[in-house]
Amino acid sequence: MGREKIYYWPAWFSKLLSKTEQAKIKKILPKLQIAQIFLWDALNIYDDFLDGAGKPAELPKANNYFRHYLEINYQLNLSSDYYKLFDKILGNLEEANIKEVSAQKLKIKDGLITIPKKLPNWKNVEHLSDKSLALSLSALALLFSLGYKTSDKKIKASLNFFKCALAAKQLADDSYDWLEDLKNGSITTANTPILKAAKRQKIKLNFKNEPEILYLLFAQESSPILIAEIENLCKMARKEMKKINNQPNNILLAKLIFPLEKSCQESKDFTQSVLGA
């Protein structure tokens, strides 16, 4: 049975370092990969609870996973710089979760959606990475173990790379789940343009009556915005990666960025076929 891709992120990141640096992190790398899996499993269970689908029996498992994740990180005895960043990123994760559970929900009755007077703007899409940016800490820990500081260009570029990549991934996930989220009453980056267009054009949205309107509005309003945002975030991620490692055959770009760019092109082609453009 293969491991989750997330397990390999620290190893992929290590390939961007010099041979000398790779030799120095050999002992710490396996620990960080294990920590990565603990965090991944914990976050997935916590997300189920945030979505209202969590099973009580799973909560002790999540807490145990997260405890092991913290234990591994604090036993690394890295610089105070790392632990300040560590605490900040986990704090942002907590704030993002609080915002999610307290966010406004759509009112839906007999399939009819009541659109709120105020809808989110989603201006700074990079903040979408707040819920998952902790997954970059294992890679960043490698740099801190080599003596890098928060103020160093490589740390800043690495953090920005993951912010852009993870925000783009979240947008892609929102795009995939737009209809399910809408049915659950969740207002996301992917379905907000639909709600705004319906409100502007005074269109009634109903899952039972004329559901095809929802699909048309997604293709017309949401899809172009999402594609443009994801492509821009991917472009920014590639720009930051050049500051870290400008060599060809970059495995992180191949594994994290290229699939998103490919998906954007496929979405463009599909949207054009739907709209007859």
# chains A, B, ... in the order shown; residues from 1 in each chain; ligands from 1
call {"tool": "select_by_dssp", "arguments": {"residues": "stretch 88-264 of chain A", "states": "strand (DSSP E or B)", "output": "ChimeraX atom specification"}}
result
/A:105,107-109,112-114,186,206
call {"tool": "write_last_selection", "arguments": {"atoms": "C-alpha atoms", "output": "short mmCIF file (atom, residue, chain, number, x, y, z; two decimals), in the first residue's frame"}}
result
data_model
loop_
_atom_site.label_atom_id
_atom_site.label_comp_id
_atom_site.auth_asym_id
_atom_site.auth_seq_id
_atom_site.Cartn_x
_atom_site.Cartn_y
_atom_site.Cartn_z
CA LYS A 105 -24.82 29.90 5.87
CA LYS A 107 -30.99 29.42 3.81
CA ILE A 108 -32.45 26.68 1.62
CA LYS A 109 -36.08 25.57 1.64
CA LEU A 112 -34.90 27.34 -3.18
CA ILE A 113 -31.83 29.35 -2.12
CA THR A 114 -32.27 32.60 -0.24
CA SER A 186 -21.69 26.85 2.46
CA ASN A 206 -33.58 26.27 -7.11
#
call {"tool": "residues_around", "arguments": {"residues": "A:Pro248", "least_positions_apart": "5", "cutoff": "12 Å", "atoms": "only C-alpha atoms", "output": "ChimeraX atom specification"}}
result
/A:15-16,238,241-242,253-254
call {"tool": "write_last_selection", "arguments": {"atoms": "N, CA and C atoms", "output": "PDB file, in the first residue's frame"}}
result
ATOM      1  N   LYS A  15      15.265  17.767  -2.277  1.00  0.00           N
ATOM      2  CA  LYS A  15      15.934  17.641  -3.580  1.00  0.00           C
ATOM      3  C   LYS A  15      16.334  19.005  -4.141  1.00  0.00           C
ATOM      4  N   LEU A  16      15.761  20.070  -3.587  1.00  0.00           N
ATOM      5  CA  LEU A  16      16.071  21.416  -4.053  1.00  0.00           C
ATOM      6  C   LEU A  16      17.349  21.952  -3.415  1.00  0.00           C
ATOM      7  N   ARG A 238       5.668  29.635  -9.150  1.00  0.00           N
ATOM      8  CA  ARG A 238       6.840  29.382  -9.996  1.00  0.00           C
ATOM      9  C   ARG A 238       7.884  30.497  -9.824  1.00  0.00           C
ATOM     10  N   MET A 241       9.659  29.876  -6.617  1.00  0.00           N
ATOM     11  CA  MET A 241      10.523  28.704  -6.719  1.00  0.00           C
ATOM     12  C   MET A 241      11.860  29.044  -7.360  1.00  0.00           C
ATOM     13  N   LYS A 242      11.870  29.990  -8.279  1.00  0.00           N
ATOM     14  CA  LYS A 242      13.117  30.398  -8.926  1.00  0.00           C
ATOM     15  C   LYS A 242      14.113  30.961  -7.917  1.00  0.00           C
ATOM     16  N   LEU A 253       7.497  21.460  -8.408  1.00  0.00           N
ATOM     17  CA  LEU A 253       6.673  22.072  -9.457  1.00  0.00           C
ATOM     18  C   LEU A 253       5.917  20.997 -10.231  1.00  0.00           C
ATOM     19  N   ALA A 254       6.597  19.892 -10.491  1.00  0.00           N
ATOM     20  CA  ALA A 254       5.984  18.795 -11.246  1.00  0.00           C
ATOM     21  C   ALA A 254       4.833  18.155 -10.474  1.00  0.00           C
TER      22      ALA A 254
END
call {"tool": "atom_distance", "arguments": {"atom1": "atom CA of A:Lys154", "atom2": "atom CA of A:Asn232"}}
result
21.3 Å
call {"tool": "residues_around", "arguments": {"residues": "A:Asp181", "least_positions_apart": "3", "cutoff": "12 Å", "atoms": "only C-alpha atoms", "output": "JSON, numbers by chain"}}
result
{"A": [51, 105, 106, 173, 174, 175, 176, 177, 178, 184, 185, 186, 187, 188, 189, 190, 191, 192]}
call {"tool": "write_last_selection", "arguments": {"atoms": "C-alpha atoms", "output": "PDB file, in the first residue's frame"}}
result
ATOM      1  CA  ASP A  51     -18.071  19.926   7.868  1.00  0.00           C
ATOM      2  CA  LYS A 105     -24.820  29.904   5.869  1.00  0.00           C
ATOM      3  CA  LEU A 106     -27.327  29.962   3.022  1.00  0.00           C
ATOM      4  CA  ASP A 173     -10.976  21.895  -4.333  1.00  0.00           C
ATOM      5  CA  ASP A 174     -13.655  24.579  -3.969  1.00  0.00           C
ATOM      6  CA  SER A 175     -14.193  24.444  -7.728  1.00  0.00           C
ATOM      7  CA  TYR A 176     -14.652  20.679  -7.616  1.00  0.00           C
ATOM      8  CA  ASP A 177     -17.053  20.850  -4.639  1.00  0.00           C
ATOM      9  CA  TRP A 178     -19.019  23.942  -5.684  1.00  0.00           C
ATOM     10  CA  ASN A 184     -24.877  22.271   2.203  1.00  0.00           C
ATOM     11  CA  GLY A 185     -25.404  26.019   2.490  1.00  0.00           C
ATOM     12  CA  SER A 186     -21.692  26.846   2.460  1.00  0.00           C
ATOM     13  CA  ILE A 187     -20.604  30.057   0.736  1.00  0.00           C
ATOM     14  CA  THR A 188     -17.229  29.475  -0.950  1.00  0.00           C
ATOM     15  CA  THR A 189     -14.944  31.126  -3.465  1.00  0.00           C
ATOM     16  CA  ALA A 190     -16.414  28.881  -6.156  1.00  0.00           C
ATOM     17  CA  ASN A 191     -20.106  29.500  -5.627  1.00  0.00           C
ATOM     18  CA  THR A 192     -20.057  33.167  -4.555  1.00  0.00           C
TER      19      THR A 192
END
call {"tool": "atom_distance", "arguments": {"atom1": "atom CA of A:Ser102", "atom2": "atom CA of A:Leu70"}}
result
26.6 Å
call {"tool": "closest_residue", "arguments": {"among": "A:Trp122, A:Ala219, A:Ile244, A:Gln33", "to": "A:Lys268", "atoms": "only C-alpha atoms"}}
result
A:Ala219
call {"tool": "residues_around", "arguments": {"residues": "A:Lys123", "least_positions_apart": "4", "cutoff": "12 Å", "atoms": "only C-alpha atoms", "output": "VMD selection string"}}
result
chain A and resid 119 127 to 128 189 225 229
call {"tool": "write_last_selection", "arguments": {"atoms": "C-alpha atoms", "output": "PDB file, in the first residue's frame"}}
result
ATOM      1  CA  LEU A 119     -21.650  38.187   0.227  1.00  0.00           C
ATOM      2  CA  HIS A 127      -5.365  33.481   2.864  1.00  0.00           C
ATOM      3  CA  LEU A 128      -7.096  30.324   1.645  1.00  0.00           C
ATOM      4  CA  THR A 189     -14.944  31.126  -3.465  1.00  0.00           C
ATOM      5  CA  ILE A 225     -12.647  33.681 -12.172  1.00  0.00           C
ATOM      6  CA  GLU A 229      -6.981  32.992  -9.858  1.00  0.00           C
TER       7      GLU A 229
END
call {"tool": "select_by_dssp", "arguments": {"residues": "stretch 40-241 of chain A", "states": "helix (DSSP H, G or I)", "output": "ChimeraX atom specification"}}
result
/A:40-50,56-74,80-102,125-131,133-145,153-176,178-183,192-201,212-241
call {"tool": "residues_around", "arguments": {"residues": "stretch 213-217 of chain A", "least_positions_apart": "2", "cutoff": "9 Å", "atoms": "only C-alpha atoms", "output": "ChimeraX atom specification"}}
result
/A:179,193-195,197-198,203,205-207,210-211,219-223,274-275
call {"tool": "write_last_selection", "arguments": {"atoms": "C-alpha atoms", "output": "PDB file, in the first residue's frame"}}
result
ATOM      1  CA  LEU A 179     -22.390  22.219  -6.041  1.00  0.00           C
ATOM      2  CA  PRO A 193     -19.927  34.420  -8.192  1.00  0.00           C
ATOM      3  CA  ILE A 194     -23.050  32.325  -8.896  1.00  0.00           C
ATOM      4  CA  LEU A 195     -24.888  33.929  -5.984  1.00  0.00           C
ATOM      5  CA  ALA A 197     -24.831  36.937 -10.605  1.00  0.00           C
ATOM      6  CA  ALA A 198     -28.223  35.543  -9.590  1.00  0.00           C
ATOM      7  CA  ILE A 203     -32.650  34.971 -10.915  1.00  0.00           C
ATOM      8  CA  LEU A 205     -31.861  29.575  -7.753  1.00  0.00           C
ATOM      9  CA  ASN A 206     -33.577  26.273  -7.112  1.00  0.00           C
ATOM     10  CA  PHE A 207     -32.018  22.815  -6.955  1.00  0.00           C
ATOM     11  CA  GLU A 210     -34.331  24.448 -13.351  1.00  0.00           C
ATOM     12  CA  PRO A 211     -31.071  23.165 -11.784  1.00  0.00           C
ATOM     13  CA  ALA A 219     -19.647  28.058 -16.306  1.00  0.00           C
ATOM     14  CA  GLN A 220     -20.315  31.726 -17.056  1.00  0.00           C
ATOM     15  CA  GLU A 221     -19.449  33.384 -13.757  1.00  0.00           C
ATOM     16  CA  SER A 222     -17.400  31.161 -11.455  1.00  0.00           C
ATOM     17  CA  SER A 223     -15.228  29.105 -13.760  1.00  0.00           C
ATOM     18  CA  VAL A 274     -20.460  24.193 -22.539  1.00  0.00           C
ATOM     19  CA  LEU A 275     -20.848  27.828 -23.553  1.00  0.00           C
TER      20      LEU A 275
END
call {"tool": "closest_residue", "arguments": {"among": "A:Glu126, A:Leu17, A:Trp9, A:Leu135", "to": "A:Phe38", "atoms": "only C-alpha atoms"}}
result
A:Leu135
call {"tool": "atom_distance", "arguments": {"atom1": "atom CA of A:Glu261", "atom2": "atom CA of A:Phe161"}}
result
15.0 Å
call {"tool": "closest_residue", "arguments": {"among": "A:Phe218, A:Tyr8, A:Phe144, A:Phe13", "to": "A:Leu85", "atoms": "only C-alpha atoms"}}
result
A:Phe144
call {"tool": "decode", "arguments": {"residues": "stretch 156-167 of chain A", "atoms": "N, CA and C atoms", "output": "tab-separated table (two decimals), in the first residue's frame"}}
result
chain	number	residue	atom	x	y	z
A	156	LYS	N	11.78	32.89	3.16
A	156	LYS	CA	10.65	33.71	2.69
A	156	LYS	C	10.09	33.16	1.38
A	157	ALA	N	10.98	32.83	0.45
A	157	ALA	CA	10.54	32.31	-0.85
A	157	ALA	C	9.85	30.96	-0.69
A	158	SER	N	10.37	30.12	0.19
A	158	SER	CA	9.78	28.79	0.42
A	158	SER	C	8.38	28.93	1.01
A	159	LEU	N	8.25	29.81	1.98
A	159	LEU	CA	6.94	30.04	2.61
A	159	LEU	C	5.95	30.59	1.60
A	160	ASN	N	6.39	31.54	0.79
A	160	ASN	CA	5.51	32.13	-0.22
A	160	ASN	C	5.12	31.10	-1.29
A	161	PHE	N	6.07	30.24	-1.64
A	161	PHE	CA	5.77	29.19	-2.61
A	161	PHE	C	4.62	28.31	-2.11
A	162	PHE	N	4.73	27.86	-0.86
A	162	PHE	CA	3.70	26.98	-0.32
A	162	PHE	C	2.37	27.72	-0.12
A	163	LYS	N	2.44	28.99	0.23
A	163	LYS	CA	1.20	29.78	0.35
A	163	LYS	C	0.45	29.79	-0.97
A	164	CYS	N	1.16	30.08	-2.04
A	164	CYS	CA	0.55	30.16	-3.37
A	164	CYS	C	0.05	28.78	-3.83
A	165	ALA	N	0.89	27.77	-3.64
A	165	ALA	CA	0.53	26.42	-4.09
A	165	ALA	C	-0.69	25.90	-3.33
A	166	LEU	N	-0.72	26.11	-2.02
A	166	LEU	CA	-1.83	25.59	-1.21
A	166	LEU	C	-3.11	26.40	-1.40
A	167	ALA	N	-2.97	27.70	-1.64
A	167	ALA	CA	-4.15	28.52	-1.95
A	167	ALA	C	-4.76	28.08	-3.28
